[in-house]
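K.L.:
Quick one: this structure, given as structure tokens, is what I'll be asking you about.
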Amino acid sequence: MPERATLIDRLHVVQRGELTPARTWAYRLLAVLGALVTGGLLLLFLGLNPFSVYATMLRGALGSAGMQKETIKLMIPLCLATLGVALAFKMRFWNIGGEGQICAGAIAASYFAYFHNGLPSWLLLIVMAVAAILAGGLWGLIPAYFKTRFGTNETLFTLMLNYIVMYFITYLREGPWRNPEGGFAAMPRFTKQARLPEVPIPGVGNVHIGWIVMLVMVVALFIYLRHTKQGYELTVVGENEMTARYAGMPVKKIVMRTMFISAGICGLVGMLQVSGPDRQLTDAVANGRGFTAVSVAWLARLSPGGILIVSFLFSVLQKGCSMMQTEYRIPASMSDILQGVILFFVLGSEFFIRYRIALRKEARA
Amino acid sequence: MTEPTTAISLRGLTKAFGPVVANDRIDLDVHRGEILALLGENGSGKTTLMNMLSGIYQPDAGSILIHGKPVSIRSPKDAIDLGIGMIHQHFKLVDLFSARENILLGQGAKGGLSPDQVCARLGLKVDLDKKVYNMSVSEKQTVEILKVLTRGADVLILDEPTAVLTPQEIEALFDILRVMKQEGRAIVIITHKLEEVMDISDRVAVLHKGKNVGAIDTAQADRFVLTEMMVGRRVDLDIQRVPARVGDTILDVHQLCVTGSDGHQELQNVSFTLRAGEILGIAGVAGSGQKALCEAIAGLQEVSGGSILLDGKRIDGLSPREIIQRGVSLAFIPEDRLGMGLVGSMNIPDNLLLKSYRDQDGAFLSRKEAREQAREMVQRLDIATPNLTIPVRKLSGGNVQKVLLGREINLSPRVLITAYPVRGLDIGASMRIYDMLNEQKQKGVGVLFIGEDLDVLLSLCDRIAVLSSGRVRAIVDSRFATKQLLGMKMTGLTTDKEDAYA
């Protein structure tokens, strides 16, 4: 008597065919929904009404012009930093050093803000921006150089470089750049010339000029990747380094150049942050954005347009979570959990976009 | 109850990868004491079928019966427990271990037979204490076979076992298989070489587009019948060696030496010349230095000695870019086909730009011309693609090859180097590629053809250089050469040069 295979035996993973883009996005949307439901269960477990908590979050992020402004201020550095790291990712260069490159840019910009503030404001701001791009870019060039020269691992290298420059800011705060007038260790606030001008966003109000920089960079990066020789080169290097060499591309040069631009954009984020909302150099200038950018870049599948959308959604989530914390006195870690759950679901949905679980049919004897 | 004579029965076995049905309701029986050849073009589903038997894939539908009993093979371990042994194309051995250690690895205390007993029974003379890194390819293969036999396998599946062997080594392998057959084991040999099928098998099962189109006794088959079953139509199997006016020497490789990154001598004093309007074949078992040779000429690999001259001027030491500009085109197809030469995720126009994008002015990239070129090429070379925007990795192997060769030919090269251009292609597509190479030859291009099938080399090339362990063992005129002679030279056993009649 032939025994039949058990149910578990018959379950297996099957590769899907190509899904239509509509179906693909439907799955991702479903994943976000699943994340919200799971998060809701957690909230329920804490004895809260998930619907009202979510409503509060939405209100906190977008409920008024003032809140929208705060959300956009969160979005500007996140979006720009993501554009930066995404450029390196497109080349399969795992730049996890956005955090440090932001700090390097911030330090360079602050140097001019503190010690050369006699310049006319427009000139000073341009000098600060250029200095930040160079400093960030050079900081990113170090791991790129070692990678092309000695084949070092850029993931570890960029990660470790973060801590050096982050603690260097602490050193500046404790020592050379410490505000002598302040009671506790902090660096002085910028003078007026070193602060970014504000430009109104229709319906929202005045936000520092970074939002224009952000929109310009989204378009610029799109063009750079799709319609320039350099964008083509870095895509080929990312896809297959051997092919790039075979086609006669100067691979090392391309890696260094791309990494310089990637890190330079992150450096600019540092300048916009100190000169915009912060108005001084603090050790919280990067505030984890270099790391969040990695998740945003993946969720947006490295496309500049996608980065704009996803970084907006992420900022809504962050702003909403901070509102939730104050209003419901939920510990801050709850918002981290919620963000983690969303990431888990959305990244997990990629598996179901490519595969499905199927039941094997038994052949009739 | 007597032992059933059917070792394996497959009933309605189906496996799909997305929209591609790799195996469509396959019924197949393998008897004890027979050698069954599983024949089919690349992509016809041979390997998928065997991977389901060895527990690597799970079938979507259908059942597998071993000795008449339905079984569920969930892992390679299940397969081994059921007595199914698979010999893969790529060996899975620990280099630093001896043959014996590799064979006993992971077997625990159970294990029925010792390796020595198995050797004795098969009449094999194998040094079981030799380390794997000292072994030749065929010795490694023997170790793999011993490995599955000591685990009690009575069904043996060999996936293209002859691809890496010389003609002499293939004979030795076939002798082993015949002994095992006499012992009553069932043997399945996957191949696409017709000569081997005729030589070794008792029965042939032919797969075409995922379906079993029938099994016949080898005695009743011939090359033409099998080809027709395999391809689905009649095919002219004759490769033409077209006459062309042979011109001056274009490429002169002189005493070329290449040292690999691990200090291994990849090439030793390799010398040959390539003239305009000729196809020079390079024969040799896999890993004899073909890759280093291609890469050295293309400037991708540092040369440690000797020189490479193009039209009398040295090109060794130049950058790949400069070598491309001087008219040397390399169309190198490694095993995974897209490894070098094409970018799998990019579409045809973007792949055509790979070598020409730098000739455009300014910082921006215009794709207009490339799209035109792609459209023209798709038509001229009969490339099957739904549109110009899909990534080339989604095209079939033959079409990928046409894109690659087509691009290289569009650059109007002086020297065209092509390595394994028909690997994985069906017969019709292969013939088209040979035609393209012949056209180039007639135009006065010097073609360097690195091949693996000796029959093809002999009928297509004007001269053949035999590589073995990084040395040129002979350069022969293919009109006077035989497969046996090439095979002898490929093993590198004879001393070189003295009978090189070029």
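Chain labels run A, B, ... following the order of the structure tokens; each chain numbers its residues from 1, and ligands are numbered from 1 in the order shown.
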Mind listing the helix (DSSP H, G or I) residues of range 346-500 of chain B, per DSSP on the backbone, as a PyMOL selection string?
P.N.:
chain B and resi 348-352+357-359+368-380+392-394+397-410+427-442+454-460+483-491
K.L.:
Generate a file of the selected residues that holds C-alpha atoms, formatted as a PDB file, in the first residue's frame.
P.N.:
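Everything below was put into part_29.pdb:
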ATOM      1  CA  ILE B 348      20.164  45.314 -25.578  1.00  0.00           C
ATOM      2  CA  PRO B 349      20.798  48.991 -26.460  1.00  0.00           C
ATOM      3  CA  ASP B 350      22.565  49.623 -23.156  1.00  0.00           C
ATOM      4  CA  ASN B 351      24.721  46.566 -23.733  1.00  0.00           C
ATOM      5  CA  LEU B 352      25.635  47.766 -27.194  1.00  0.00           C
ATOM      6  CA  TYR B 357      29.671  55.054 -25.165  1.00  0.00           C
ATOM      7  CA  ARG B 358      32.973  56.849 -24.762  1.00  0.00           C
ATOM      8  CA  ASP B 359      33.061  57.899 -28.362  1.00  0.00           C
ATOM      9  CA  LYS B 368      19.229  57.000 -29.752  1.00  0.00           C
ATOM     10  CA  GLU B 369      21.875  55.517 -31.987  1.00  0.00           C
ATOM     11  CA  ALA B 370      22.206  52.422 -29.839  1.00  0.00           C
ATOM     12  CA  ARG B 371      18.481  51.815 -30.073  1.00  0.00           C
ATOM     13  CA  GLU B 372      18.671  52.087 -33.860  1.00  0.00           C
ATOM     14  CA  GLN B 373      21.614  49.716 -33.906  1.00  0.00           C
ATOM     15  CA  ALA B 374      19.805  47.284 -31.637  1.00  0.00           C
ATOM     16  CA  ARG B 375      16.702  47.305 -33.798  1.00  0.00           C
ATOM     17  CA  GLU B 376      18.789  46.627 -36.875  1.00  0.00           C
ATOM     18  CA  MET B 377      20.774  43.886 -35.169  1.00  0.00           C
ATOM     19  CA  VAL B 378      17.696  42.135 -33.821  1.00  0.00           C
ATOM     20  CA  GLN B 379      16.406  41.949 -37.361  1.00  0.00           C
ATOM     21  CA  ARG B 380      19.618  41.021 -39.130  1.00  0.00           C
ATOM     22  CA  VAL B 392      19.382  40.555 -21.687  1.00  0.00           C
ATOM     23  CA  ARG B 393      19.552  37.953 -18.943  1.00  0.00           C
ATOM     24  CA  LYS B 394      15.944  37.107 -19.772  1.00  0.00           C
ATOM     25  CA  GLY B 397      21.381  31.593 -24.428  1.00  0.00           C
ATOM     26  CA  GLY B 398      21.521  31.663 -28.221  1.00  0.00           C
ATOM     27  CA  ASN B 399      20.139  35.160 -28.365  1.00  0.00           C
ATOM     28  CA  VAL B 400      22.514  36.378 -25.695  1.00  0.00           C
ATOM     29  CA  GLN B 401      25.400  35.041 -27.772  1.00  0.00           C
ATOM     30  CA  LYS B 402      24.105  36.774 -30.867  1.00  0.00           C
ATOM     31  CA  VAL B 403      23.916  40.090 -29.022  1.00  0.00           C
ATOM     32  CA  LEU B 404      27.466  39.702 -27.782  1.00  0.00           C
ATOM     33  CA  LEU B 405      29.004  38.544 -31.036  1.00  0.00           C
ATOM     34  CA  GLY B 406      26.897  41.034 -32.972  1.00  0.00           C
ATOM     35  CA  ARG B 407      28.237  43.908 -30.911  1.00  0.00           C
ATOM     36  CA  GLU B 408      31.834  42.791 -31.302  1.00  0.00           C
ATOM     37  CA  ILE B 409      31.397  42.386 -35.038  1.00  0.00           C
ATOM     38  CA  ASN B 410      29.794  45.833 -35.312  1.00  0.00           C
ATOM     39  CA  ILE B 427      22.167  23.055 -32.718  1.00  0.00           C
ATOM     40  CA  GLY B 428      20.340  25.563 -34.907  1.00  0.00           C
ATOM     41  CA  ALA B 429      21.687  28.537 -32.969  1.00  0.00           C
ATOM     42  CA  SER B 430      25.191  27.048 -32.968  1.00  0.00           C
ATOM     43  CA  MET B 431      25.151  26.779 -36.738  1.00  0.00           C
ATOM     44  CA  ARG B 432      24.190  30.437 -36.975  1.00  0.00           C
ATOM     45  CA  ILE B 433      27.152  31.385 -34.782  1.00  0.00           C
ATOM     46  CA  TYR B 434      29.535  29.353 -36.942  1.00  0.00           C
ATOM     47  CA  ASP B 435      28.175  31.160 -39.991  1.00  0.00           C
ATOM     48  CA  MET B 436      28.866  34.495 -38.334  1.00  0.00           C
ATOM     49  CA  LEU B 437      32.454  33.464 -37.598  1.00  0.00           C
ATOM     50  CA  ASN B 438      32.933  32.283 -41.160  1.00  0.00           C
ATOM     51  CA  GLU B 439      31.638  35.603 -42.479  1.00  0.00           C
ATOM     52  CA  GLN B 440      34.222  37.403 -40.393  1.00  0.00           C
ATOM     53  CA  LYS B 441      36.943  35.122 -41.666  1.00  0.00           C
ATOM     54  CA  GLN B 442      35.967  35.871 -45.242  1.00  0.00           C
ATOM     55  CA  LEU B 454      36.852  18.569 -30.901  1.00  0.00           C
ATOM     56  CA  ASP B 455      34.542  17.679 -33.782  1.00  0.00           C
ATOM     57  CA  VAL B 456      33.562  21.316 -34.130  1.00  0.00           C
ATOM     58  CA  LEU B 457      37.143  22.516 -33.882  1.00  0.00           C
ATOM     59  CA  LEU B 458      38.251  20.074 -36.552  1.00  0.00           C
ATOM     60  CA  SER B 459      35.602  21.057 -39.032  1.00  0.00           C
ATOM     61  CA  LEU B 460      35.484  24.824 -38.471  1.00  0.00           C
ATOM     62  CA  LYS B 483      40.496  13.610 -32.656  1.00  0.00           C
ATOM     63  CA  GLN B 484      42.840  10.962 -31.274  1.00  0.00           C
ATOM     64  CA  LEU B 485      45.879  13.070 -32.023  1.00  0.00           C
ATOM     65  CA  LEU B 486      44.344  16.134 -30.395  1.00  0.00           C
ATOM     66  CA  GLY B 487      43.319  14.024 -27.413  1.00  0.00           C
ATOM     67  CA  MET B 488      46.877  12.771 -26.949  1.00  0.00           C
ATOM     68  CA  LYS B 489      48.206  16.292 -27.069  1.00  0.00           C
ATOM     69  CA  MET B 490      45.546  17.559 -24.670  1.00  0.00           C
ATOM     70  CA  THR B 491      46.721  15.198 -21.956  1.00  0.00           C
TER      71      THR B 491
END
K.L.:
Name all residues at most 8 Å from Leu36 in chain B (count only C-alpha atoms; drop same-chain ones fewer than 4 positions away) and give them as a short mmCIF file (atom, residue, chain, number, x, y, z; two decimals) with N, CA and C atoms, in the first residue's frame.
P.N.:
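Result file follows (part_22.cif):
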data_model
loop_
_atom_site.label_atom_id
_atom_site.label_comp_id
_atom_site.auth_asym_id
_atom_site.auth_seq_id
_atom_site.Cartn_x
_atom_site.Cartn_y
_atom_site.Cartn_z
N VAL B 30 13.73 3.91 -15.41
CA VAL B 30 15.13 3.51 -15.51
C VAL B 30 15.22 2.10 -14.94
N ALA B 186 21.59 0.91 -11.87
CA ALA B 186 20.98 1.71 -12.92
C ALA B 186 21.78 2.99 -13.07
N ILE B 187 22.07 3.36 -14.30
CA ILE B 187 22.92 4.52 -14.53
C ILE B 187 22.23 5.48 -15.49
N VAL B 188 22.17 6.74 -15.09
CA VAL B 188 21.63 7.76 -15.99
C VAL B 188 22.76 8.72 -16.32
N ILE B 189 23.01 8.93 -17.59
CA ILE B 189 24.06 9.85 -17.96
C ILE B 189 23.44 10.99 -18.77
N SER B 201 25.31 4.12 -24.21
CA SER B 201 24.00 3.87 -23.60
C SER B 201 23.30 2.66 -24.20
N ASP B 202 22.35 2.11 -23.40
CA ASP B 202 21.48 1.05 -23.88
C ASP B 202 20.19 1.63 -24.42
N ARG B 203 19.73 2.67 -23.73
CA ARG B 203 18.51 3.33 -24.17
C ARG B 203 18.73 4.83 -24.11
N VAL B 204 17.97 5.56 -24.90
CA VAL B 204 18.05 7.02 -24.88
C VAL B 204 16.67 7.58 -24.61
N ALA B 205 16.60 8.51 -23.67
CA ALA B 205 15.35 9.26 -23.49
C ALA B 205 15.66 10.68 -23.90
#
K.L.:
Can you tell me which residues surround range 58-64 of chain A at a distance of at most 10 Å, considering only C-alpha atoms, apart from same-chain residues fewer than 6 positions away, and format the answer as a PyMOL selection string?
P.N.:
chain A and resi 52+70-72+204+313+315-324+327
K.L.:
For the residues selected in the previous step, produce a file with C-alpha atoms as a PDB file, in the first residue's frame.
P.N.:
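This is the output file selection-v7.pdb:
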ATOM      1  CA  SER A  52      -6.749  56.590  18.154  1.00  0.00           C
ATOM      2  CA  GLU A  70       8.511  70.001  11.256  1.00  0.00           C
ATOM      3  CA  THR A  71       7.938  66.882   9.193  1.00  0.00           C
ATOM      4  CA  ILE A  72       9.516  68.496   6.163  1.00  0.00           C
ATOM      5  CA  VAL A 204       2.993  75.304   4.810  1.00  0.00           C
ATOM      6  CA  LEU A 313       6.681  58.555   4.635  1.00  0.00           C
ATOM      7  CA  SER A 315       9.521  61.355   8.278  1.00  0.00           C
ATOM      8  CA  VAL A 316       5.764  61.184   8.830  1.00  0.00           C
ATOM      9  CA  LEU A 317       6.323  58.014  10.830  1.00  0.00           C
ATOM     10  CA  GLN A 318       9.091  59.556  12.921  1.00  0.00           C
ATOM     11  CA  LYS A 319       7.237  62.762  13.585  1.00  0.00           C
ATOM     12  CA  GLY A 320       4.045  60.840  14.331  1.00  0.00           C
ATOM     13  CA  CYS A 321       5.887  58.574  16.747  1.00  0.00           C
ATOM     14  CA  SER A 322       7.300  61.480  18.708  1.00  0.00           C
ATOM     15  CA  MET A 323       3.775  62.902  18.970  1.00  0.00           C
ATOM     16  CA  MET A 324       2.547  59.525  20.144  1.00  0.00           C
ATOM     17  CA  GLU A 327       0.557  62.283  24.105  1.00  0.00           C
TER      18      GLU A 327
END
K.L.:
With distances taken over only C-alpha atoms, which residue among A:Thr258, A:Ser349, A:Thr82, A:Thr158 lies nearest Ala26 in chain A?
P.N.:
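Comparing A:Thr258, A:Ser349, A:Thr82, A:Thr158 against Ala26 in chain A, the winner is A:Ser349.
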K.L.:
Quick one: distance from CA of Met75 in chain A to CA of Thr155 in chain A in Å, one decimal?
P.N.:
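A separation of 25.0 Å between them.
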K.L.:
Which residues come within 12 Å of Phe352 in chain A, counting only C-alpha atoms, excluding same-chain residues fewer than 2 positions away, as JSON, numbers by chain?
P.N.:
{"A": [13, 14, 15, 16, 17, 18, 19, 23, 24, 25, 26, 27, 28, 30, 31, 345, 346, 347, 348, 349, 350, 354, 355, 356, 357, 358]}
K.L.:
If you count only C-alpha atoms, which residues fall within 12 Å of Gln268 in chain B, apart from same-chain ones fewer than 3 positions away, as a list in words?
P.N.:
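Answer for this query is Val253, His254, Gln255, Leu256, Cys257, Val258, Thr259, Gly260, His264, Gln265, Ser271, Ser288, Gly289, Ala292, Leu293, Val303, Ser304, Gly305, Gly306, Leu467, Ser468, Ser469, Gly470, Arg471, Val472 and Arg473 of chain B.
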K.L.:
Return as number ranges by chain the residues belonging to chain B that are within 6 Å of chain A, counting only C-alpha atoms.
P.N.:
B: 17-19, 60-63, 320-321, 340-341, 355, 363-365
K.L.:
For range 170-179 of chain B, list every protein, DNA or RNA residue within 9 Å, evaluated using only C-alpha atoms, and leave out those in the same chain fewer than 4 positions away; present the list as a ChimeraX atom specification.
P.N.:
/B:34-35,122-124,138,141-142,161-162,165-166,183,187,199-200
K.L.:
How far is it from CA of Ser412 in chain B to CA of Lys252 in chain A, in Å with one decimal?
P.N.:
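These two atoms are separated by 28.5 Å.
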K.L.:
Of the residues A:Leu338, A:Asp278, A:Phe112, A:Leu74, which is the one nearest to Tyr54 in chain A, using only C-alpha atoms?
P.N.:
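The closest residue to Tyr54 in chain A is A:Leu338.
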K.L.:
So which one's closest to Phe312 in chain A, A:Trp211, A:Phe168, A:Phe260, A:Phe146? Using only C-alpha atoms, please.
P.N.:
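Closest to Phe312 in chain A of all the choices is A:Trp211.
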K.L.:
When you draw a straight line from CA of Ile315 in chain B to CA of Phe449 in chain B, how long is it in Å?
P.N.:
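So the answer is 19.8 Å.
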